[in-house]
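Notes to accompany the following structure.
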Amino acid sequence: MTKLIMEPTRDCTGTMVQTIRSPKGGNLTFADLHNYLVRTFGGGVYLAVINANDGELVDKISVVDAYDAGDMERFL
């Protein structure tokens, strides 16, 4: 079981977002995220945002922002 750290915040639109990271940084997998969200919230549908704005290749994912899909309905 991978230990993850979750920091709830609000983005620039006021929408709740969970920033999820590993304590030592890096090597997050989608399975880690899935299992963490199931253990923490009992499941649900989430949108994972991976920032690739810097245009650089990486060897691991260290931070993911997760939005509850229900919170995104107002943007559709």
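Simple scheme: letters A, B, ... for chains in structure tokens order, numbers from 1 for residues in each chain, numbers from 1 for ligands in the order shown.
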If you count only C-alpha atoms, which residues fall within 12 Å of Asp59 in chain A, apart from same-chain ones fewer than 6 positions away, as a VMD selection string? chain A and resid 25 to 29
Tell me, as a PyMOL selection string, which residues lie within 7 Å of Val63 in chain A, counting only C-alpha atoms; anything in the same chain fewer than 6 positions away does not count. chain A and resi 19-21
Residue subset to file, keeping N, CA, C and O atoms, as a PDB file, in the first residue's frame:
ATOM      1  N   THR A  19      -5.102  17.878  -4.182  1.00  0.00           N
ATOM      2  CA  THR A  19      -3.755  17.691  -4.714  1.00  0.00           C
ATOM      3  C   THR A  19      -3.155  16.487  -4.011  1.00  0.00           C
ATOM      4  O   THR A  19      -3.063  16.459  -2.785  1.00  0.00           O
ATOM      5  N   ILE A  20      -2.794  15.487  -4.802  1.00  0.00           N
ATOM      6  CA  ILE A  20      -2.308  14.229  -4.247  1.00  0.00           C
ATOM      7  C   ILE A  20      -0.853  14.039  -4.660  1.00  0.00           C
ATOM      8  O   ILE A  20      -0.502  14.204  -5.827  1.00  0.00           O
ATOM      9  N   ARG A  21      -0.024  13.684  -3.678  1.00  0.00           N
ATOM     10  CA  ARG A  21       1.399  13.469  -3.937  1.00  0.00           C
ATOM     11  C   ARG A  21       1.909  12.370  -3.023  1.00  0.00           C
ATOM     12  O   ARG A  21       1.288  12.068  -2.006  1.00  0.00           O
TER      13      ARG A  21
END
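With only C-alpha atoms as the atoms that count, the residue of A:Tyr36, A:Thr9, A:Asp54, A:Tyr46 with the shortest distance to Ala66 in chain A is A:Tyr46.
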Could you give me, as a CSV table (one decimal) with C-alpha atoms, in the first residue's frame, each residue of chain A that DSSP assigns to strand (DSSP E) when run on this structure's backbone?
chain,number,residue,atom,x,y,z
A,5,ILE,CA,-0.5,12.9,1.0
A,6,MET,CA,-3.7,14.8,0.0
A,7,GLU,CA,-4.1,18.6,0.3
A,8,PRO,CA,-7.6,19.9,-0.3
A,9,THR,CA,-7.7,23.4,-1.8
A,10,ARG,CA,-9.8,25.5,-4.2
A,16,MET,CA,-12.6,22.0,-4.7
A,17,VAL,CA,-9.5,20.1,-5.8
A,18,GLN,CA,-7.5,17.5,-4.1
A,19,THR,CA,-3.8,17.7,-4.7
A,20,ILE,CA,-2.3,14.2,-4.2
A,21,ARG,CA,1.4,13.5,-3.9
A,46,TYR,CA,-12.8,11.8,-10.4
A,47,LEU,CA,-11.0,13.8,-13.1
A,48,ALA,CA,-7.2,13.6,-12.8
A,49,VAL,CA,-5.2,16.6,-14.0
A,63,VAL,CA,1.7,15.4,-8.3
A,64,VAL,CA,-1.9,14.9,-9.5
A,65,ASP,CA,-4.8,17.2,-9.0
A,66,ALA,CA,-8.1,15.3,-8.6
A,67,TYR,CA,-11.5,16.9,-9.1
A,68,ASP,CA,-14.8,15.2,-8.2
